[in-house]
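Enquirer: What follows is the file model11.cif, containing mmCIF, C-alpha atoms:
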```cif
data_start
#
loop_
_atom_site.label_atom_id
_atom_site.label_comp_id
_atom_site.auth_asym_id
_atom_site.auth_seq_id
_atom_site.Cartn_x
_atom_site.Cartn_y
_atom_site.Cartn_z
CA MET A 847 -31.60 -1.83 21.06
CA LYS A 848 -30.17 -2.61 17.62
CA LEU A 849 -28.16 0.61 17.63
CA PHE A 850 -26.87 0.01 21.16
CA TYR A 851 -25.87 -3.50 20.08
CA ALA A 852 -24.02 -2.00 17.07
CA LEU A 853 -22.25 0.48 19.37
CA ILE A 854 -21.03 -2.29 21.70
CA THR A 855 -19.95 -4.38 18.70
CA GLY A 856 -17.90 -1.47 17.36
CA LEU A 857 -16.41 -0.95 20.82
CA VAL A 858 -15.30 -4.61 21.08
CA PHE A 859 -13.73 -4.45 17.62
CA GLY A 860 -12.07 -1.10 18.42
CA ILE A 861 -10.62 -2.36 21.71
CA GLY A 862 -9.20 -5.30 19.79
CA ILE A 863 -7.60 -2.92 17.29
CA SER A 864 -6.25 -0.73 20.12
CA LEU A 865 -4.66 -3.67 21.96
CA SER A 866 -3.36 -5.40 18.86
CA GLY A 867 -0.98 -2.70 17.63
CA MET A 868 -2.80 -2.42 14.29
CA MET A 869 -3.42 1.31 14.79
CA ASP A 870 0.29 2.06 15.15
CA PRO A 871 1.69 2.81 11.66
CA ALA A 872 5.25 2.22 12.90
CA LYS A 873 4.28 -1.34 13.84
CA VAL A 874 2.27 -1.94 10.65
CA LEU A 875 5.11 -0.73 8.41
CA ASN A 876 7.61 -2.85 10.36
CA PHE A 877 5.41 -5.90 9.79
CA PHE A 878 5.97 -5.40 6.06
CA ASP A 879 9.65 -4.49 6.39
CA LEU A 880 11.04 -8.00 6.10
CA ALA A 881 14.45 -6.71 5.00
CA GLY A 882 14.73 -4.17 7.83
CA THR A 883 13.21 -3.69 11.29
CA TRP A 884 10.78 -6.60 10.91
CA ASP A 885 8.14 -7.01 13.64
CA PRO A 886 5.98 -10.11 13.06
CA SER A 887 3.41 -9.16 15.77
CA LEU A 888 0.60 -8.46 13.32
CA ALA A 889 0.58 -12.05 12.10
CA PHE A 890 -0.67 -12.88 15.61
CA VAL A 891 -3.48 -10.33 15.24
CA MET A 892 -4.69 -11.98 12.06
CA GLY A 893 -4.27 -15.43 13.59
CA GLY A 894 -6.31 -14.56 16.69
CA ALA A 895 -9.04 -12.87 14.68
CA LEU A 896 -9.32 -15.74 12.19
CA ILE A 897 -9.61 -18.41 14.90
CA VAL A 898 -12.59 -16.58 16.41
CA THR A 899 -14.34 -15.74 13.14
CA PHE A 900 -13.74 -19.16 11.59
CA VAL A 901 -15.48 -20.92 14.48
CA GLY A 902 -17.84 -18.11 15.49
CA TYR A 903 -19.30 -17.53 12.02
CA ARG A 904 -20.18 -21.21 11.68
CA LEU A 905 -21.92 -21.22 15.06
CA VAL A 906 -23.87 -18.05 14.15
CA TRP A 907 -24.92 -19.45 10.75
CA ARG A 908 -26.74 -22.32 12.49
CA ARG A 909 -29.42 -19.71 13.18
CA ASP A 910 -32.07 -18.94 10.57
CA ALA A 911 -31.55 -15.19 10.88
CA PRO A 912 -29.50 -12.63 12.82
CA LEU A 913 -30.94 -11.09 16.02
CA PHE A 914 -31.99 -7.73 14.59
CA GLU A 915 -32.43 -8.36 10.86
CA ALA A 916 -34.55 -10.66 8.71
CA ARG A 917 -31.62 -12.38 7.01
CA PHE A 918 -27.85 -12.67 6.75
CA ARG A 919 -26.24 -10.50 4.06
CA ILE A 920 -23.07 -12.25 3.01
CA PRO A 921 -21.18 -11.41 -0.19
CA THR A 922 -21.78 -14.16 -2.75
CA GLY A 923 -19.56 -13.03 -5.65
CA THR A 924 -16.84 -15.37 -6.91
CA ALA A 925 -15.52 -13.37 -9.90
CA ILE A 926 -11.76 -12.85 -9.94
CA ASP A 927 -11.74 -9.75 -12.11
CA ARG A 928 -9.52 -6.78 -12.81
CA ASN A 929 -11.24 -4.62 -10.18
CA LEU A 930 -10.60 -7.18 -7.45
CA VAL A 931 -6.95 -7.80 -8.28
CA GLY A 932 -6.08 -4.24 -9.34
CA GLY A 933 -8.03 -2.70 -6.45
CA SER A 934 -6.41 -5.01 -3.90
CA ALA A 935 -2.96 -4.31 -5.36
CA LEU A 936 -3.62 -0.57 -5.06
CA PHE A 937 -4.93 -0.98 -1.52
CA GLY A 938 -1.69 -2.70 -0.50
CA ILE A 939 0.39 0.09 -2.06
CA GLY A 940 -1.58 2.74 -0.15
CA TRP A 941 -1.35 0.73 3.07
CA GLY A 942 2.42 0.43 2.60
CA ILE A 943 2.74 4.19 2.05
CA ALA A 944 0.51 5.46 4.88
CA GLY A 945 0.74 2.61 7.41
CA PHE A 946 -2.97 2.94 8.20
CA CYS A 947 -5.88 0.86 6.92
CA PRO A 948 -9.55 1.88 7.36
CA GLY A 949 -10.41 -0.69 10.08
CA ALA A 950 -7.51 0.50 12.20
CA ALA A 951 -7.87 4.21 11.45
CA ILE A 952 -11.54 4.49 12.52
CA PRO A 953 -10.80 3.43 16.14
CA ALA A 954 -7.52 5.38 15.99
CA LEU A 955 -9.58 8.53 15.41
CA GLY A 956 -10.52 8.21 19.10
CA THR A 957 -6.93 8.96 20.14
CA GLY A 958 -7.43 12.48 18.79
CA ARG A 959 -4.38 12.40 16.53
CA TRP A 960 -4.74 14.70 13.52
CA GLU A 961 -2.80 12.34 11.24
CA VAL A 962 -5.65 9.83 11.55
CA ALA A 963 -8.29 12.38 10.57
CA LEU A 964 -6.15 13.43 7.61
CA PHE A 965 -5.83 9.80 6.51
CA LEU A 966 -9.58 9.14 6.76
CA LEU A 967 -10.37 12.30 4.77
CA ALA A 968 -7.97 11.11 2.08
CA VAL A 969 -9.64 7.66 2.10
CA THR A 970 -13.01 9.35 1.60
CA ALA A 971 -11.53 11.26 -1.35
CA GLY A 972 -10.42 7.88 -2.73
CA PHE A 973 -14.00 6.59 -2.44
CA TYR A 974 -15.20 9.58 -4.49
CA LEU A 975 -12.44 8.97 -7.04
CA ARG A 976 -13.71 5.43 -7.50
CA ARG A 977 -17.21 6.84 -8.10
CA LEU A 978 -15.80 9.16 -10.77
CA LEU A 979 -14.03 6.25 -12.45
CA ALA A 980 -17.09 3.98 -12.48
CA PRO A 981 -18.90 5.61 -15.46
CA MET A 982 -15.63 5.58 -17.43
CA GLN A 983 -15.25 1.85 -16.81
CA THR A 984 -18.84 1.21 -17.89
CA ALA A 985 -18.32 3.25 -21.07
CA ARG A 986 -15.17 1.31 -21.93
CA ALA A 987 -16.90 -2.04 -21.32
CA ALA A 988 -19.78 -1.00 -23.61
CA SER A 989 -17.59 0.17 -26.47
CA MET B 393 12.39 2.75 14.02
CA GLU B 394 12.23 -0.57 15.86
CA THR B 395 8.98 -1.68 17.47
CA ALA B 396 8.65 -4.25 20.25
CA PHE B 397 7.52 -7.77 19.34
CA THR B 398 4.16 -8.20 21.13
CA PRO B 399 2.79 -11.66 20.31
CA PHE B 400 0.47 -11.92 23.34
CA THR B 401 -1.26 -8.52 23.27
CA SER B 402 -1.45 -8.72 19.48
CA PHE B 403 -3.04 -12.18 19.67
CA GLY B 404 -5.42 -10.98 22.40
CA GLY B 405 -6.34 -7.94 20.32
CA GLY B 406 -6.92 -10.25 17.37
CA LEU B 407 -9.32 -12.36 19.44
CA ALA B 408 -11.34 -9.23 20.30
CA ILE B 409 -11.34 -8.11 16.64
CA GLY B 410 -12.71 -11.54 15.70
CA LEU B 411 -15.30 -11.32 18.47
CA GLY B 412 -16.48 -7.95 17.13
CA ALA B 413 -16.84 -9.46 13.65
CA VAL B 414 -18.80 -12.44 15.00
CA LEU B 415 -21.07 -10.16 17.07
CA LEU B 416 -21.90 -8.10 13.97
CA MET B 417 -22.80 -11.27 12.06
CA LEU B 418 -24.91 -12.52 15.00
CA GLY B 419 -26.79 -9.26 15.48
CA LEU B 420 -27.01 -7.66 12.05
CA GLY B 421 -26.01 -10.46 9.69
CA ARG B 422 -23.19 -8.44 8.12
CA ILE B 423 -19.50 -8.93 7.56
CA PHE B 424 -17.30 -6.47 9.46
CA GLY B 425 -15.64 -4.72 6.54
CA ALA B 426 -14.39 -1.26 7.50
CA THR B 427 -14.37 -0.07 3.88
CA GLY B 428 -18.00 -1.07 3.31
CA ILE B 429 -19.09 0.35 6.66
CA MET B 430 -17.30 3.62 6.02
CA SER B 431 -18.36 4.06 2.38
CA GLY B 432 -21.94 3.21 3.40
CA ALA B 433 -21.76 6.12 5.85
CA VAL B 434 -20.37 8.44 3.14
CA PHE B 435 -22.70 7.47 0.27
CA ILE B 436 -25.99 7.27 2.14
CA THR B 437 -28.72 5.09 0.62
CA SER B 438 -31.27 5.13 3.46
CA ARG B 439 -31.62 6.14 7.09
CA ALA B 440 -31.81 2.48 8.15
CA GLU B 441 -28.51 1.71 6.38
CA LEU B 442 -26.88 4.79 7.89
CA SER B 443 -27.92 4.51 11.55
CA TRP B 444 -26.34 1.14 12.42
CA ARG B 445 -23.15 2.15 10.61
CA LEU B 446 -22.90 5.38 12.62
CA ALA B 447 -23.51 3.48 15.87
CA LEU B 448 -20.82 0.95 14.94
CA ILE B 449 -18.35 3.70 14.00
CA ALA B 450 -19.13 5.56 17.26
CA GLY B 451 -18.35 2.40 19.23
CA MET B 452 -15.06 1.98 17.37
CA VAL B 453 -14.04 5.60 17.99
CA LEU B 454 -14.86 5.29 21.71
CA ALA B 455 -12.49 2.32 22.10
CA PRO B 456 -9.19 4.15 22.85
CA VAL B 457 -10.84 6.33 25.53
CA THR B 458 -12.58 3.30 27.06
CA LEU B 459 -9.25 1.53 27.21
CA PHE B 460 -7.72 4.62 28.79
CA PHE B 461 -10.30 4.52 31.61
CA VAL B 462 -9.59 0.84 32.23
CA THR B 463 -5.80 0.71 31.87
CA GLY B 464 -4.79 4.36 32.27
CA GLN B 465 -3.01 4.29 28.91
CA MET B 466 -3.92 5.40 25.41
CA PRO B 467 -2.88 3.06 22.58
CA VAL B 468 0.61 3.77 21.22
CA LEU B 469 0.60 5.52 17.87
CA ASN B 470 3.83 6.46 16.09
CA VAL B 471 3.48 7.95 12.63
CA PRO B 472 6.80 7.83 10.77
CA VAL B 473 5.07 9.16 7.64
CA SER B 474 4.86 12.75 6.34
CA PRO B 475 1.44 14.44 5.96
CA THR B 476 1.86 14.42 2.16
CA MET B 477 2.47 10.67 2.13
CA ILE B 478 -0.49 10.11 4.50
CA VAL B 479 -2.74 11.89 1.99
CA ILE B 480 -1.31 10.06 -1.04
CA GLY B 481 -1.52 6.70 0.76
CA GLY B 482 -5.03 7.46 2.01
CA VAL B 483 -6.40 8.30 -1.45
CA ILE B 484 -4.85 5.10 -2.88
CA VAL B 485 -6.27 3.08 0.05
CA GLY B 486 -9.77 4.51 -0.53
CA LEU B 487 -9.64 3.97 -4.29
CA GLY B 488 -8.10 0.49 -4.05
CA ALA B 489 -10.30 -0.81 -1.25
CA SER B 490 -13.50 0.34 -2.98
CA LEU B 491 -12.40 -1.07 -6.37
CA GLY B 492 -11.36 -4.34 -4.73
CA SER B 493 -14.47 -4.40 -2.48
CA GLY B 494 -12.57 -4.77 0.75
CA CYS B 495 -9.58 -4.22 2.99
CA THR B 496 -7.80 -5.92 5.88
CA SER B 497 -11.01 -6.41 7.87
CA GLY B 498 -13.46 -7.32 5.10
CA HIS B 499 -11.24 -9.52 2.93
CA GLY B 500 -8.64 -10.33 5.58
CA VAL B 501 -10.57 -11.29 8.70
CA CYS B 502 -14.11 -11.90 7.43
CA GLY B 503 -13.39 -13.12 3.90
CA LEU B 504 -10.64 -15.59 4.77
CA SER B 505 -12.70 -17.17 7.55
CA ARG B 506 -15.62 -17.56 5.11
CA LEU B 507 -13.13 -19.14 2.65
CA SER B 508 -14.27 -16.60 0.05
CA VAL B 509 -12.46 -17.20 -3.25
CA ARG B 510 -12.26 -13.45 -3.91
CA SER B 511 -10.69 -12.83 -0.50
CA LEU B 512 -8.24 -15.69 -0.97
CA VAL B 513 -7.00 -13.74 -4.03
CA ALA B 514 -7.31 -10.23 -2.53
CA VAL B 515 -5.38 -10.82 0.72
CA PRO B 516 -2.12 -12.22 -0.73
CA THR B 517 -2.33 -9.51 -3.41
CA PHE B 518 -2.43 -6.60 -0.97
CA MET B 519 0.03 -8.17 1.46
CA VAL B 520 2.59 -8.57 -1.32
CA THR B 521 2.09 -5.07 -2.79
CA ALA B 522 2.31 -3.55 0.72
CA ALA B 523 5.59 -5.39 1.38
CA ILE B 524 7.00 -4.33 -2.01
CA THR B 525 5.95 -0.72 -1.37
CA VAL B 526 7.63 -0.65 2.05
CA PHE B 527 10.76 -2.25 0.55
CA ILE B 528 10.94 0.38 -2.21
CA ILE B 529 10.33 3.31 0.17
CA ARG B 530 12.77 2.14 2.85
CA HIS B 531 15.48 0.23 1.01
CA VAL B 532 15.51 1.67 -2.52
CA PHE B 533 14.83 5.32 -1.68
CA GLY B 534 16.13 4.88 1.86
CA ALA B 535 13.42 6.96 3.52
#
```
As structure tokens, how would this structure be written, given the file I've shared?
Expert:
Amino acid sequence: MKLFYALITGLVFGIGISLSGMMDPAKVLNFFDLAGTWDPSLAFVMGGALIVTFVGYRLVWRRDAPLFEARFRIPTGTAIDRNLVGGSALFGIGWGIAGFCPGAAIPALGTGRWEVALFLLAVTAGFYLRRLLAPMQTARAAS
Amino acid sequence: METAFTPFTSFGGGLAIGLGAVLLMLGLGRIFGATGIMSGAVFITSRAELSWRLALIAGMVLAPVTLFFVTGQMPVLNVPVSPTMIVIGGVIVGLGASLGSGCTSGHGVCGLSRLSVRSLVAVPTFMVTAAITVFIIRHVFGA
């Protein structure tokens, strides 16, 4: 039941991504191209999503626990550190180069386009790269 | 290339994206961050952590086909980016999003609606670097 619920949840999110235009790199890159062929559509995506989550999360949190788990797992960190700022800056650069982000590319995989699979493989390589960098960061912090 | 301004379908898609995020919080008590969901399916810690992620990803991937059966149309996907740039962008996206602990869905949709301090820093950071990147690629190099 929990897995079926997760499947439906992913489907709802993915249909939202499909309708919104987020999985179309041409549209994403135009959203950022303020000096050129600017298309502000994606601001409406973020607006619509935020209205629902802002209200919906607060309604859900009135419960003591989620339906299928013992407790809510919500990030609690507040540190504004180099990883957060540098990582986010890098993410934006990559997003601006490729026009895909992970949340849009996963549903886009369902269109069968090879470019999407290539992008997601590269993202996975980026995850591994971060793992390789982690011991180096720890070593530098200790020295 | 120009893309059509689609405020209504983008807003509607955004509402569904938000609904997916709220459903995940209601059922499994998690934020809907594509980077965390994807990296959790790549670096497996336990079967319990893997299974719901795979179900969620399966639901997301099924979205375009589901939409095709309902509307008769696949989502539009134009990729004005070369394979090389998709790979470079993808690696940077994977590295940046894992260093910064989130992307458009995790920091953008879920983090902003939780009023997370880290997300309030991350989102403007990646929006600005994405816009600068697109400006440089399109208007400095003229690609």
Enquirer: Can you list, as a ChimeraX atom specification, the residues that the PyMOL selection byres ((chain B and resi 416-427) around 7) selects here?
Expert: /A:855,906,912-915,917-920,948-949 /B:412-415,428-431,489-490,494-495,497-498,502
Enquirer: Just checking: using all atoms listed in the file, which residue out of B:Met393, B:Leu446, B:His499, B:Phe518 ends up closest to chain A?
Expert: B:Phe518
Enquirer: So what does the PyMOL selection byres ((chain B and resi 464-466) around 12) actually pick up in this one, as an MDAnalysis selection string?
Expert: (chainID A and resid 861 864:865 867 869:870 953:959) or (chainID B and resid 454:463 467:469)
Enquirer: Need the shell around Gly938 (chain A): protein/DNA/RNA residues with any atom at most 7 Å away, counting only C-alpha atoms. Skip same-chain ones fewer than 6 positions apart. Format as a list in words?
Expert: Phe518, Met519, Thr521 and Ala522 of chain B
Enquirer: Tell me which protein, DNA and RNA residues are within 7 Å of Leu936 (chain A), counting only C-alpha atoms, leaving out same-chain ones fewer than 5 positions away, and put them as a PyMOL selection string.
Expert: chain B and resi 484-485+488
Enquirer: Can you spit out the residues from that selection as a PDB file, in the coordinates of the input, using C-alpha atoms?
Expert:
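Output contents, as saved in out23.pdb:
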```
ATOM      1  CA  ILE B 484      -4.850   5.100  -2.880  1.00  0.00           C
ATOM      2  CA  VAL B 485      -6.270   3.080   0.050  1.00  0.00           C
ATOM      3  CA  GLY B 488      -8.100   0.490  -4.050  1.00  0.00           C
TER       4      GLY B 488
END
```
Enquirer: For the file shown, report as number ranges by chain the outcome of the PyMOL selection byres ((chain B and resi 524) around 10) at residue level.
Expert: A: 878-880, 938-939, 942; B: 518-523, 525-530
Enquirer: Would you output that residue set with C-alpha atoms, as a JSON list (two decimals), in the frame of the given file?
Expert:
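After the write, again.json holds the following:
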```
[["chain", "number", "residue", "atom", "x", "y", "z"],
["A", 878, "PHE", "CA", 5.97, -5.40, 6.06],
["A", 879, "ASP", "CA", 9.65, -4.49, 6.39],
["A", 880, "LEU", "CA", 11.04, -8.00, 6.10],
["A", 938, "GLY", "CA", -1.69, -2.70, -0.50],
["A", 939, "ILE", "CA", 0.39, 0.09, -2.06],
["A", 942, "GLY", "CA", 2.42, 0.43, 2.60],
["B", 518, "PHE", "CA", -2.43, -6.60, -0.97],
["B", 519, "MET", "CA", 0.03, -8.17, 1.46],
["B", 520, "VAL", "CA", 2.59, -8.57, -1.32],
["B", 521, "THR", "CA", 2.09, -5.07, -2.79],
["B", 522, "ALA", "CA", 2.31, -3.55, 0.72],
["B", 523, "ALA", "CA", 5.59, -5.39, 1.38],
["B", 525, "THR", "CA", 5.95, -0.72, -1.37],
["B", 526, "VAL", "CA", 7.63, -0.65, 2.05],
["B", 527, "PHE", "CA", 10.76, -2.25, 0.55],
["B", 528, "ILE", "CA", 10.94, 0.38, -2.21],
["B", 529, "ILE", "CA", 10.33, 3.31, 0.17],
["B", 530, "ARG", "CA", 12.77, 2.14, 2.85]]
```
Enquirer: Once N, CA and C atoms are restored for region 414-428 of chain B, what would the output be as a PDB file, in the coordinates of the input?
Expert:
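Below is the file part-v1.pdb, written as the result:
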```pdb
ATOM      1  N   VAL B 414     -17.776 -11.412  14.768  1.00  0.00           N
ATOM      2  CA  VAL B 414     -18.800 -12.440  15.000  1.00  0.00           C
ATOM      3  C   VAL B 414     -20.076 -11.807  15.571  1.00  0.00           C
ATOM      4  N   LEU B 415     -19.902 -10.841  16.484  1.00  0.00           N
ATOM      5  CA  LEU B 415     -21.070 -10.160  17.070  1.00  0.00           C
ATOM      6  C   LEU B 415     -21.874  -9.422  16.001  1.00  0.00           C
ATOM      7  N   LEU B 416     -21.183  -8.818  15.040  1.00  0.00           N
ATOM      8  CA  LEU B 416     -21.900  -8.100  13.970  1.00  0.00           C
ATOM      9  C   LEU B 416     -22.695  -9.088  13.112  1.00  0.00           C
ATOM     10  N   MET B 417     -22.093 -10.244  12.836  1.00  0.00           N
ATOM     11  CA  MET B 417     -22.800 -11.270  12.060  1.00  0.00           C
ATOM     12  C   MET B 417     -24.013 -11.786  12.863  1.00  0.00           C
ATOM     13  N   LEU B 418     -23.819 -12.011  14.150  1.00  0.00           N
ATOM     14  CA  LEU B 418     -24.910 -12.520  15.000  1.00  0.00           C
ATOM     15  C   LEU B 418     -26.064 -11.516  15.088  1.00  0.00           C
ATOM     16  N   GLY B 419     -25.744 -10.248  15.269  1.00  0.00           N
ATOM     17  CA  GLY B 419     -26.790  -9.260  15.480  1.00  0.00           C
ATOM     18  C   GLY B 419     -27.393  -8.724  14.200  1.00  0.00           C
ATOM     19  N   LEU B 420     -26.525  -8.344  13.246  1.00  0.00           N
ATOM     20  CA  LEU B 420     -27.010  -7.660  12.050  1.00  0.00           C
ATOM     21  C   LEU B 420     -26.824  -8.445  10.762  1.00  0.00           C
ATOM     22  N   GLY B 421     -26.150  -9.599  10.866  1.00  0.00           N
ATOM     23  CA  GLY B 421     -26.010 -10.460   9.690  1.00  0.00           C
ATOM     24  C   GLY B 421     -25.073  -9.911   8.636  1.00  0.00           C
ATOM     25  N   ARG B 422     -24.107  -9.074   9.071  1.00  0.00           N
ATOM     26  CA  ARG B 422     -23.190  -8.440   8.120  1.00  0.00           C
ATOM     27  C   ARG B 422     -21.760  -8.844   8.389  1.00  0.00           C
ATOM     28  N   ILE B 423     -20.930  -8.778   7.341  1.00  0.00           N
ATOM     29  CA  ILE B 423     -19.500  -8.930   7.560  1.00  0.00           C
ATOM     30  C   ILE B 423     -18.945  -7.594   8.059  1.00  0.00           C
ATOM     31  N   PHE B 424     -17.891  -7.667   8.884  1.00  0.00           N
ATOM     32  CA  PHE B 424     -17.300  -6.470   9.460  1.00  0.00           C
ATOM     33  C   PHE B 424     -16.199  -5.960   8.531  1.00  0.00           C
ATOM     34  N   GLY B 425     -16.602  -5.305   7.450  1.00  0.00           N
ATOM     35  CA  GLY B 425     -15.640  -4.720   6.540  1.00  0.00           C
ATOM     36  C   GLY B 425     -15.610  -3.213   6.720  1.00  0.00           C
ATOM     37  N   ALA B 426     -14.469  -2.691   7.179  1.00  0.00           N
ATOM     38  CA  ALA B 426     -14.390  -1.260   7.500  1.00  0.00           C
ATOM     39  C   ALA B 426     -14.644  -0.395   6.266  1.00  0.00           C
ATOM     40  N   THR B 427     -14.165  -0.850   5.106  1.00  0.00           N
ATOM     41  CA  THR B 427     -14.370  -0.070   3.880  1.00  0.00           C
ATOM     42  C   THR B 427     -15.855   0.041   3.546  1.00  0.00           C
ATOM     43  N   GLY B 428     -16.568  -1.084   3.604  1.00  0.00           N
ATOM     44  CA  GLY B 428     -18.000  -1.070   3.310  1.00  0.00           C
ATOM     45  C   GLY B 428     -18.786  -0.265   4.321  1.00  0.00           C
TER      46      GLY B 428
END
```
